[in-house]
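Structure file run-v6.cif (mmCIF, C-alpha atoms and all ligand atoms) is printed below.
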```
data_my_file
loop_
_atom_site.group_PDB
_atom_site.id
_atom_site.type_symbol
_atom_site.label_atom_id
_atom_site.label_comp_id
_atom_site.auth_asym_id
_atom_site.auth_seq_id
_atom_site.Cartn_x
_atom_site.Cartn_y
_atom_site.Cartn_z
ATOM 1 C CA VAL A 198 22.238 3.921 15.088
ATOM 2 C CA GLU A 199 18.879 2.340 14.464
ATOM 3 C CA THR A 200 18.520 1.065 10.924
ATOM 4 C CA GLU A 201 15.862 2.542 8.719
ATOM 5 C CA LEU A 202 12.965 0.588 7.346
ATOM 6 C CA LEU A 203 12.123 0.645 3.651
ATOM 7 C CA LEU A 204 8.371 0.570 3.129
ATOM 8 C CA ILE A 205 6.891 -0.617 -0.134
ATOM 9 C CA LYS A 206 3.226 -0.685 -1.057
ATOM 10 C CA LEU A 207 2.030 -2.865 -3.898
ATOM 11 C CA GLY A 208 -1.254 -1.452 -5.178
ATOM 12 C CA GLY A 209 -4.142 -3.765 -5.823
ATOM 13 C CA SER A 210 -4.309 -2.135 -9.248
ATOM 14 C CA VAL A 211 -0.892 -3.643 -10.025
ATOM 15 C CA ILE A 212 -1.082 -7.122 -8.519
ATOM 16 C CA THR A 213 -4.664 -7.912 -9.535
ATOM 17 C CA HIS A 214 -7.056 -7.232 -12.383
ATOM 18 C CA LYS A 215 -8.872 -4.700 -10.321
ATOM 19 C CA ASN A 216 -12.370 -4.868 -11.707
ATOM 20 C CA LYS A 217 -12.504 -8.661 -11.810
ATOM 21 C CA ALA A 218 -13.120 -10.816 -8.760
ATOM 22 C CA PHE A 219 -10.296 -13.088 -7.636
ATOM 23 C CA SER A 220 -7.980 -12.522 -10.567
ATOM 24 C CA PRO A 221 -4.340 -11.945 -9.586
ATOM 25 C CA ASN A 222 -2.106 -10.232 -12.133
ATOM 26 C CA LEU A 223 0.541 -12.913 -12.017
ATOM 27 C CA HIS A 224 2.698 -11.249 -14.637
ATOM 28 C CA ASN A 225 3.094 -8.074 -12.571
ATOM 29 C CA LEU A 226 3.339 -9.997 -9.327
ATOM 30 C CA TYR A 227 6.222 -12.134 -10.558
ATOM 31 C CA GLU A 228 8.054 -9.240 -12.227
ATOM 32 C CA ILE A 229 7.861 -7.253 -8.991
ATOM 33 C CA SER A 230 8.903 -10.217 -6.853
ATOM 34 C CA LYS A 231 11.923 -10.736 -9.077
ATOM 35 C CA VAL A 232 13.022 -7.097 -8.847
ATOM 36 C CA LEU A 233 12.540 -7.064 -5.072
ATOM 37 C CA ALA A 234 14.505 -10.288 -4.701
ATOM 38 C CA GLU A 235 17.396 -9.056 -6.840
ATOM 39 C CA PHE A 236 17.544 -5.847 -4.847
ATOM 40 C CA TRP A 237 17.318 -7.573 -1.511
ATOM 41 C CA ILE A 238 20.106 -10.068 -2.252
ATOM 42 C CA GLU A 239 22.488 -7.118 -2.782
ATOM 43 C CA ASN A 240 21.003 -4.925 -0.048
ATOM 44 C CA PRO A 241 19.464 -6.998 2.724
ATOM 45 C CA THR A 242 17.952 -3.921 4.351
ATOM 46 C CA GLN A 243 15.063 -3.890 6.767
ATOM 47 C CA MET A 244 12.027 -3.896 4.584
ATOM 48 C CA CYS A 245 8.261 -4.194 4.976
ATOM 49 C CA LEU A 246 5.701 -4.816 2.266
ATOM 50 C CA VAL A 247 2.077 -3.753 2.311
ATOM 51 C CA HIS A 248 -0.385 -4.612 -0.428
ATOM 52 C CA GLY A 249 -3.872 -3.566 -1.392
ATOM 53 C CA GLY A 250 -6.992 -5.604 -1.962
ATOM 54 C CA GLY A 251 -7.605 -4.935 -5.658
ATOM 55 C CA GLY A 252 -10.020 -7.261 -7.393
ATOM 56 C CA PHE A 253 -10.124 -9.468 -4.318
ATOM 57 C CA ALA A 254 -11.199 -7.401 -1.316
ATOM 58 C CA HIS A 255 -12.574 -4.328 -3.101
ATOM 59 C CA VAL A 256 -14.846 -6.237 -5.454
ATOM 60 C CA VAL A 257 -16.253 -8.424 -2.670
ATOM 61 C CA ALA A 258 -16.663 -5.413 -0.380
ATOM 62 C CA ARG A 259 -18.640 -3.630 -3.079
ATOM 63 C CA GLN A 260 -20.870 -6.712 -3.538
ATOM 64 C CA TYR A 261 -21.687 -6.813 0.144
ATOM 65 C CA ALA A 262 -22.037 -3.053 0.510
ATOM 66 C CA VAL A 263 -19.120 -2.859 2.907
ATOM 67 C CA GLN A 264 -17.962 0.768 2.862
ATOM 68 C CA SER A 265 -14.972 2.537 4.303
ATOM 69 C CA THR A 266 -16.918 5.661 5.169
ATOM 70 C CA PHE A 267 -18.879 3.974 7.912
ATOM 71 C CA PHE A 268 -18.477 1.062 10.226
ATOM 72 C CA SER A 269 -20.032 -1.854 8.478
ATOM 73 C CA LYS A 270 -22.401 -4.198 10.275
ATOM 74 C CA ASN A 271 -22.783 -6.852 7.627
ATOM 75 C CA LYS A 272 -21.203 -9.816 9.441
ATOM 76 C CA LEU A 273 -21.059 -12.286 6.570
ATOM 77 C CA GLY A 274 -19.943 -9.571 4.151
ATOM 78 C CA ILE A 275 -17.043 -8.791 6.473
ATOM 79 C CA SER A 276 -16.088 -12.468 6.714
ATOM 80 C CA LEU A 277 -15.954 -12.640 2.935
ATOM 81 C CA VAL A 278 -13.945 -9.437 2.526
ATOM 82 C CA THR A 279 -11.302 -10.449 5.064
ATOM 83 C CA TRP A 280 -11.133 -13.927 3.558
ATOM 84 C CA SER A 281 -10.677 -12.558 0.047
ATOM 85 C CA ALA A 282 -7.918 -10.194 1.236
ATOM 86 C CA ARG A 283 -6.196 -13.177 2.776
ATOM 87 C CA LYS A 284 -6.496 -15.193 -0.410
ATOM 88 C CA LEU A 285 -4.672 -12.459 -2.306
ATOM 89 C CA ASN A 286 -2.042 -12.242 0.429
ATOM 90 C CA ASP A 287 -1.486 -15.957 0.049
ATOM 91 C CA ARG A 288 -0.870 -15.488 -3.667
ATOM 92 C CA VAL A 289 1.527 -12.588 -3.027
ATOM 93 C CA ILE A 290 3.468 -14.633 -0.482
ATOM 94 C CA GLU A 291 3.713 -17.538 -2.892
ATOM 95 C CA SER A 292 5.243 -15.365 -5.567
ATOM 96 C CA LEU A 293 7.732 -13.773 -3.136
ATOM 97 C CA VAL A 294 8.929 -17.074 -1.685
ATOM 98 C CA ASP A 295 9.282 -18.421 -5.212
ATOM 99 C CA TYR A 296 12.043 -15.821 -5.522
ATOM 100 C CA ASN A 297 13.490 -16.850 -2.150
ATOM 101 C CA LEU A 298 12.554 -13.690 -0.296
ATOM 102 C CA PRO A 299 12.341 -14.363 3.459
ATOM 103 C CA VAL A 300 8.874 -12.929 3.867
ATOM 104 C CA PHE A 301 6.680 -13.299 6.888
ATOM 105 C CA PRO A 302 2.943 -13.221 6.197
ATOM 106 C CA LEU A 303 0.986 -11.417 8.874
ATOM 107 C CA GLN A 304 -2.745 -11.335 9.126
ATOM 108 C CA THR A 305 -3.385 -7.615 9.518
ATOM 109 C CA SER A 306 -6.462 -8.093 11.684
ATOM 110 C CA ALA A 307 -4.381 -10.114 14.160
ATOM 111 C CA LEU A 308 -1.662 -7.442 14.321
ATOM 112 C CA ILE A 309 -3.619 -4.199 14.315
ATOM 113 C CA VAL A 310 -6.497 -3.682 16.703
ATOM 114 C CA MET A 311 -9.103 -1.021 17.098
ATOM 115 C CA ASP A 312 -8.900 0.516 20.543
ATOM 116 C CA ASN A 313 -11.530 3.143 21.234
ATOM 117 C CA LYS A 314 -11.833 3.756 17.471
ATOM 118 C CA LYS A 315 -8.055 4.276 17.271
ATOM 119 C CA LEU A 316 -5.793 1.868 15.434
ATOM 120 C CA LYS A 317 -2.996 0.255 17.418
ATOM 121 C CA ILE A 318 -0.304 -2.003 16.030
ATOM 122 C CA ASN A 319 1.430 -4.773 17.966
ATOM 123 C CA MET A 320 5.026 -3.587 17.758
ATOM 124 C CA ARG A 321 6.388 -6.540 19.691
ATOM 125 C CA ILE A 322 5.490 -8.820 16.801
ATOM 126 C CA MET A 323 6.665 -6.348 14.159
ATOM 127 C CA THR A 324 10.075 -5.633 15.681
ATOM 128 C CA THR A 325 10.739 -9.303 16.375
ATOM 129 C CA ILE A 326 10.175 -10.108 12.719
ATOM 130 C CA VAL A 327 12.014 -7.103 11.277
ATOM 131 C CA ASP A 328 15.003 -7.253 13.642
ATOM 132 C CA ALA A 329 15.497 -10.924 12.892
ATOM 133 C CA GLY A 330 15.676 -10.137 9.175
ATOM 134 C CA TRP A 331 12.327 -11.222 7.816
ATOM 135 C CA ILE A 332 10.219 -9.051 5.553
ATOM 136 C CA PRO A 333 6.715 -8.682 6.977
ATOM 137 C CA VAL A 334 3.907 -8.601 4.433
ATOM 138 C CA LEU A 335 0.746 -6.786 5.521
ATOM 139 C CA TYR A 336 -2.369 -5.883 3.566
ATOM 140 C CA GLY A 337 -5.523 -3.811 3.629
ATOM 141 C CA ASP A 338 -8.053 -5.696 5.704
ATOM 142 C CA MET A 339 -11.159 -5.579 7.859
ATOM 143 C CA LEU A 340 -10.710 -5.136 11.593
ATOM 144 C CA PRO A 341 -13.241 -6.505 14.016
ATOM 145 C CA GLY A 342 -14.655 -4.091 16.563
ATOM 146 C CA GLU A 343 -16.901 -4.540 19.566
ATOM 147 C CA LYS A 344 -20.053 -3.842 17.605
ATOM 148 C CA GLU A 345 -18.910 -3.231 14.068
ATOM 149 C CA ALA A 346 -16.002 -3.878 11.757
ATOM 150 C CA ARG A 347 -13.868 -1.336 9.984
ATOM 151 C CA ILE A 348 -11.741 -1.259 6.863
ATOM 152 C CA VAL A 349 -8.080 -0.400 7.182
ATOM 153 C CA SER A 350 -6.528 0.478 3.827
ATOM 154 C CA GLY A 351 -2.950 -0.262 2.815
ATOM 155 C CA GLU A 352 -2.204 3.453 3.079
ATOM 156 C CA ARG A 353 -3.472 3.600 6.675
ATOM 157 C CA ILE A 354 -1.144 0.697 7.503
ATOM 158 C CA LEU A 355 1.753 2.696 6.047
ATOM 159 C CA GLU A 356 0.807 5.560 8.340
ATOM 160 C CA LEU A 357 0.740 3.326 11.423
ATOM 161 C CA LEU A 358 4.140 1.887 10.549
ATOM 162 C CA CYS A 359 5.623 5.362 10.046
ATOM 163 C CA LYS A 360 4.460 6.395 13.506
ATOM 164 C CA LYS A 361 6.412 3.557 15.082
ATOM 165 C CA PHE A 362 9.379 2.839 12.829
ATOM 166 C CA ASP A 363 12.201 4.987 11.541
ATOM 167 C CA VAL A 364 11.139 4.838 7.891
ATOM 168 C CA GLU A 365 13.593 5.713 5.138
ATOM 169 C CA LYS A 366 11.016 6.310 2.418
ATOM 170 C CA ILE A 367 7.827 4.815 1.062
ATOM 171 C CA ILE A 368 7.583 3.458 -2.452
ATOM 172 C CA VAL A 369 3.964 3.285 -3.552
ATOM 173 C CA CYS A 370 3.364 1.183 -6.655
ATOM 174 C CA THR A 371 0.180 1.860 -8.568
ATOM 175 C CA ASN A 372 -0.994 1.493 -12.175
ATOM 176 C CA THR A 373 -0.262 5.054 -13.360
ATOM 177 C CA ASP A 374 3.094 6.865 -13.666
ATOM 178 C CA GLY A 375 2.259 8.793 -10.505
ATOM 179 C CA VAL A 376 -0.392 11.447 -9.944
ATOM 180 C CA LEU A 377 -1.313 12.437 -13.480
ATOM 181 C CA ARG A 378 -1.896 16.100 -14.263
ATOM 182 C CA ASP A 379 -5.001 15.032 -16.106
ATOM 183 C CA LEU A 380 -6.308 11.492 -15.732
ATOM 184 C CA ARG A 381 -7.925 11.658 -19.170
ATOM 185 C CA LYS A 382 -4.701 12.894 -20.797
ATOM 186 C CA PRO A 383 -1.850 10.718 -19.482
ATOM 187 C CA GLU A 384 0.423 12.210 -22.165
ATOM 188 C CA MET A 385 0.460 15.420 -20.137
ATOM 189 C CA GLY A 386 2.615 13.623 -17.589
ATOM 190 C CA VAL A 387 2.718 13.501 -13.828
ATOM 191 C CA ILE A 388 2.841 16.089 -11.084
ATOM 192 C CA GLU A 389 6.453 15.764 -9.986
ATOM 193 C CA SER A 390 6.007 16.918 -6.430
ATOM 194 C CA ILE A 391 3.065 17.381 -4.118
ATOM 195 C CA ASN A 392 4.089 19.580 -1.201
ATOM 196 C CA PRO A 393 2.690 22.369 0.991
ATOM 197 C CA THR A 394 2.779 24.858 -1.903
ATOM 198 C CA ASN A 395 0.417 22.913 -4.158
ATOM 199 C CA MET A 396 -1.326 20.275 -2.016
ATOM 200 C CA ARG A 397 -4.562 22.218 -1.548
ATOM 201 C CA SER A 398 -5.192 22.964 -5.188
ATOM 202 C CA ILE A 399 -4.218 19.477 -6.315
ATOM 203 C CA SER A 400 -6.305 17.592 -3.795
ATOM 204 C CA ARG A 401 -9.352 19.656 -4.749
ATOM 205 C CA ARG A 402 -9.060 18.442 -8.334
ATOM 206 C CA LEU A 403 -8.165 14.812 -7.614
ATOM 207 C CA GLN A 404 -10.595 12.025 -8.333
ATOM 208 C CA SER A 405 -10.904 8.693 -6.608
ATOM 209 C CA SER A 406 -10.352 5.745 -8.953
ATOM 210 C CA SER A 407 -11.561 4.488 -12.295
ATOM 211 C CA ALA A 408 -11.532 0.995 -10.829
ATOM 212 C CA ILE A 409 -13.502 -0.316 -7.893
ATOM 213 C CA ASP A 410 -11.730 1.106 -4.861
ATOM 214 C CA ILE A 411 -13.797 1.452 -1.737
ATOM 215 C CA THR A 412 -11.001 3.164 0.187
ATOM 216 C CA GLY A 413 -10.902 6.257 -1.996
ATOM 217 C CA GLY A 414 -8.424 5.601 -4.806
ATOM 218 C CA MET A 415 -5.800 8.196 -5.690
ATOM 219 C CA LYS A 416 -7.477 11.006 -3.787
ATOM 220 C CA ASP A 417 -7.274 9.216 -0.472
ATOM 221 C CA LYS A 418 -3.814 7.845 -1.265
ATOM 222 C CA VAL A 419 -2.445 11.358 -1.714
ATOM 223 C CA ARG A 420 -4.278 12.643 1.361
ATOM 224 C CA VAL A 421 -2.828 9.957 3.655
ATOM 225 C CA LEU A 422 0.678 10.092 2.154
ATOM 226 C CA TYR A 423 0.725 13.865 2.551
ATOM 227 C CA ARG A 424 -0.307 13.551 6.184
ATOM 228 C CA ILE A 425 2.558 11.077 6.702
ATOM 229 C CA ALA A 426 5.014 13.501 5.084
ATOM 230 C CA ARG A 427 3.814 16.450 7.182
ATOM 231 C CA LYS A 428 3.479 14.722 10.524
ATOM 232 C CA MET A 429 6.201 12.095 10.386
ATOM 233 C CA GLY A 430 8.569 13.665 7.883
ATOM 234 C CA VAL A 431 8.566 10.551 5.689
ATOM 235 C CA LYS A 432 8.541 11.142 1.924
ATOM 236 C CA SER A 433 6.777 8.881 -0.499
ATOM 237 C CA GLN A 434 7.203 8.210 -4.145
ATOM 238 C CA ILE A 435 4.209 7.093 -6.215
ATOM 239 C CA ILE A 436 5.489 5.054 -9.143
ATOM 240 C CA ASN A 437 4.162 2.859 -11.909
ATOM 241 C CA GLY A 438 4.437 -0.654 -10.504
ATOM 242 C CA THR A 439 3.505 -2.203 -13.819
ATOM 243 C CA ASN A 440 7.004 -1.333 -15.082
ATOM 244 C CA PRO A 441 9.621 -3.386 -13.197
ATOM 245 C CA LEU A 442 12.458 -1.191 -14.486
ATOM 246 C CA ILE A 443 11.012 1.824 -12.701
ATOM 247 C CA LEU A 444 10.750 -0.100 -9.440
ATOM 248 C CA LYS A 445 14.320 -1.293 -9.851
ATOM 249 C CA ASP A 446 15.694 2.223 -10.392
ATOM 250 C CA CYS A 447 13.571 3.549 -7.587
ATOM 251 C CA LEU A 448 14.953 0.957 -5.159
ATOM 252 C CA HIS A 449 18.444 2.071 -6.151
ATOM 253 C CA ASN A 450 17.500 5.703 -5.511
ATOM 254 C CA LYS A 451 17.865 6.659 -9.155
ATOM 255 C CA ASN A 452 15.658 9.346 -10.660
ATOM 256 C CA VAL A 453 12.454 7.934 -12.117
ATOM 257 C CA VAL A 454 9.178 9.243 -13.490
ATOM 258 C CA CYS A 455 7.037 9.550 -10.371
ATOM 259 C CA THR A 456 5.213 11.817 -7.994
ATOM 260 C CA TRP A 457 6.994 12.707 -4.770
ATOM 261 C CA ILE A 458 4.817 13.518 -1.774
ATOM 262 C CA GLU A 459 6.786 15.805 0.491
ATOM 263 C CA GLY A 460 6.030 17.593 3.734
ATOM 264 C CA GLU A 461 8.281 20.546 3.009
ATOM 265 C CA ILE A 462 9.970 22.166 0.029
HETATM 266 N N1 LIG B 1 -4.744 12.365 -11.234
HETATM 267 C C1 LIG B 1 -4.691 11.029 -11.202
HETATM 268 N N2 LIG B 1 -3.574 10.391 -11.556
HETATM 269 C C2 LIG B 1 -3.496 9.048 -11.510
HETATM 270 N N3 LIG B 1 -4.512 8.255 -11.140
HETATM 271 C C3 LIG B 1 -5.662 8.833 -10.786
HETATM 272 C C4 LIG B 1 -5.793 10.244 -10.791
HETATM 273 N N4 LIG B 1 -7.034 10.528 -10.396
HETATM 274 C C5 LIG B 1 -7.640 9.368 -10.160
HETATM 275 N N5 LIG B 1 -6.841 8.337 -10.401
HETATM 276 C C6 LIG B 1 -7.219 6.916 -10.296
HETATM 277 O O1 LIG B 1 -6.585 6.342 -9.171
HETATM 278 C C7 LIG B 1 -6.218 5.008 -9.493
HETATM 279 C C8 LIG B 1 -5.148 4.539 -8.540
HETATM 280 O O2 LIG B 1 -5.720 4.413 -7.270
HETATM 281 P P1 LIG B 1 -6.222 2.999 -6.755
HETATM 282 O O3 LIG B 1 -7.230 2.415 -7.706
HETATM 283 O O4 LIG B 1 -6.606 3.131 -5.329
HETATM 284 O O5 LIG B 1 -4.875 2.162 -6.917
HETATM 285 P P2 LIG B 1 -4.195 1.078 -5.975
HETATM 286 O O6 LIG B 1 -4.967 -0.155 -6.207
HETATM 287 O O7 LIG B 1 -2.822 1.019 -6.559
HETATM 288 O O8 LIG B 1 -4.259 1.594 -4.591
HETATM 289 C C9 LIG B 1 -5.776 5.098 -10.926
HETATM 290 O O9 LIG B 1 -5.854 3.854 -11.573
HETATM 291 C C10 LIG B 1 -6.791 6.081 -11.501
HETATM 292 O O10 LIG B 1 -7.959 5.432 -11.942
HETATM 293 MG MG MG B 2 -6.243 2.038 -3.480
#
```
Please re-express this file's structure in structure tokens.
Amino acid sequence: VETELLLIKLGGSVITHKNKAFSPNLHNLYEISKVLAEFWIENPTQMCLVHGGGGFAHVVARQYAVQSTFFSKNKLGISLVTWSARKLNDRVIESLVDYNLPVFPLQTSALIVMDNKKLKINMRIMTTIVDAGWIPVLYGDMLPGEKEARIVSGERILELLCKKFDVEKIIVCTNTDGVLRDLRKPEMGVIESINPTNMRSISRRLQSSSAIDITGGMKDKVRVLYRIARKMGVKSQIINGTNPLILKDCLHNKNVVCTWIEGEI
């Protein structure tokens, strides 16, 4: 039996101060690294991490008018966005290796290519790393194209991985307890499950992000995760990554405050 891969996304809103340029949230980063390391020592499962761009890539992209909705042509802007994403990745890797996690940093733009406007991932590299027991760490990045470059968000990377791997579940860490019923009234709690019975009405009401997020914030996150659930049958759990206890329980499959995104009921 092929082993299942555990996919974890660390939102830029958790690991950086999202509206500030180049400011990692070291507190959250180290708390998360510690929880992941403790879990992994007990359960050395096949795992892959994906992180967002937060106050690194998103802020720089905004400055250089690099947008996800169209293929950007600003060459220098693209250089700076991909470089800033890499800088954050470097910081993430540092924190994970500090807790002795055998991570393998992968430059997304060297692993995923645009082929006729379709994204393709080099599975040879991925399976070599995963099968040998490393934890690949990917991140939202810019991909070069023949004429123009394109942004690939962390969520799109999750989708590509789900197409190719047998994924157990996706844990998506962000800076809210899940999808809030009302963003302005967090005390009203989260939507516990987004599934075919309520997806339409929820997605109509969802907003993007209160921070700078050029890839569409919560609205796009839910849209892509729902597509993954429907098409690939992989469930995701959106949790508050700023609380390490929630991540810990979630890794151990305990019930936590969160939003499940499910393809069926
Ligand atoms: N209903 C909602 N519940 C929670 N967050 C929401 C909601 N609507 C919009 N958002 C915004 O989405 C943000 C999370 O998305 P995003 O900024 O892309 O996070 P990440 O960096 O983790 O990908 C929240 O911080 C919030 O501003
Ligand atoms: Mg985002």
Exercise for review: Kindly indicate which residue among A:Ile309, A:Met339, A:Val211, A:Lys445 lies nearest to ligand LIG 1 (chain B), using only C-alpha atoms and all ligand atoms for the distances.
Suggested key: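 Selected residue with least distance to ligand LIG 1 (chain B): A:Val211.
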Exercise for review: Might you spell out which residues the PyMOL selection byres (((chain A and resi 388-397) around 8) and not hetatm) would select in the displayed file, as JSON, numbers by chain?
Suggested key: {"A": [375, 376, 377, 378, 386, 387, 398, 399, 400, 401, 423, 454, 455, 456, 457, 458, 459, 460, 461, 462]}
Using only C-alpha atoms and all ligand atoms, which residues of the polymer chains come no farther than 7 Å from ligand LIG 1 (chain B)? I'd like the answer as a CSV table (one decimal) with C-alpha atoms, in the coordinates of the input.
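Contents of result_36.csv, freshly written:
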```csv
chain,number,residue,atom,x,y,z
A,207,LEU,CA,2.0,-2.9,-3.9
A,208,GLY,CA,-1.3,-1.5,-5.2
A,209,GLY,CA,-4.1,-3.8,-5.8
A,210,SER,CA,-4.3,-2.1,-9.2
A,211,VAL,CA,-0.9,-3.6,-10.0
A,249,GLY,CA,-3.9,-3.6,-1.4
A,251,GLY,CA,-7.6,-4.9,-5.7
A,370,CYS,CA,3.4,1.2,-6.7
A,371,THR,CA,0.2,1.9,-8.6
A,372,ASN,CA,-1.0,1.5,-12.2
A,373,THR,CA,-0.3,5.1,-13.4
A,375,GLY,CA,2.3,8.8,-10.5
A,376,VAL,CA,-0.4,11.4,-9.9
A,377,LEU,CA,-1.3,12.4,-13.5
A,378,ARG,CA,-1.9,16.1,-14.3
A,379,ASP,CA,-5.0,15.0,-16.1
A,380,LEU,CA,-6.3,11.5,-15.7
A,403,LEU,CA,-8.2,14.8,-7.6
A,404,GLN,CA,-10.6,12.0,-8.3
A,405,SER,CA,-10.9,8.7,-6.6
A,406,SER,CA,-10.4,5.7,-9.0
A,407,SER,CA,-11.6,4.5,-12.3
A,408,ALA,CA,-11.5,1.0,-10.8
A,409,ILE,CA,-13.5,-0.3,-7.9
A,410,ASP,CA,-11.7,1.1,-4.9
A,413,GLY,CA,-10.9,6.3,-2.0
A,414,GLY,CA,-8.4,5.6,-4.8
A,415,MET,CA,-5.8,8.2,-5.7
A,416,LYS,CA,-7.5,11.0,-3.8
A,418,LYS,CA,-3.8,7.8,-1.3
```
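What the PyMOL selection byres (((chain A and resi 310-319) around 10) and not hetatm) grabs from this file is Thr305, Ser306, Ala307, Leu308, Ile309, Met320, Arg321, Ile322, Met323, Thr324, Leu340, Pro341, Gly342, Glu343, Ala346, Arg347, Val349, Arg353, Ile354, Leu357, Leu358, Lys360 and Lys361 of chain A.
Closest approach to ligand MG 2 (chain B) from the set A:Gly337, A:Gly330, A:Gly438, A:Gly274 is made by A:Gly337, with distances taken over only C-alpha atoms and all ligand atoms.
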Review point. Quick one, how far is atom CA of A:Ile238 from atom CA of A:Glu201?
Key: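 Pair atom CA of A:Ile238 / atom CA of A:Glu201 returns 17.2 Å.
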Practice item. Give me the residues within 10 Å of A:Ala218 as number ranges by chain, counting all atoms listed in the file and dropping any in the same chain fewer than 3 places off. Key: A: 213-215, 221, 251-257, 281
Exercise for review: Enter the distance from atom CA of A:Met429 to atom CA of A:Cys359, in Å, rounded to one decimal.
Suggested key: 6.8 Å
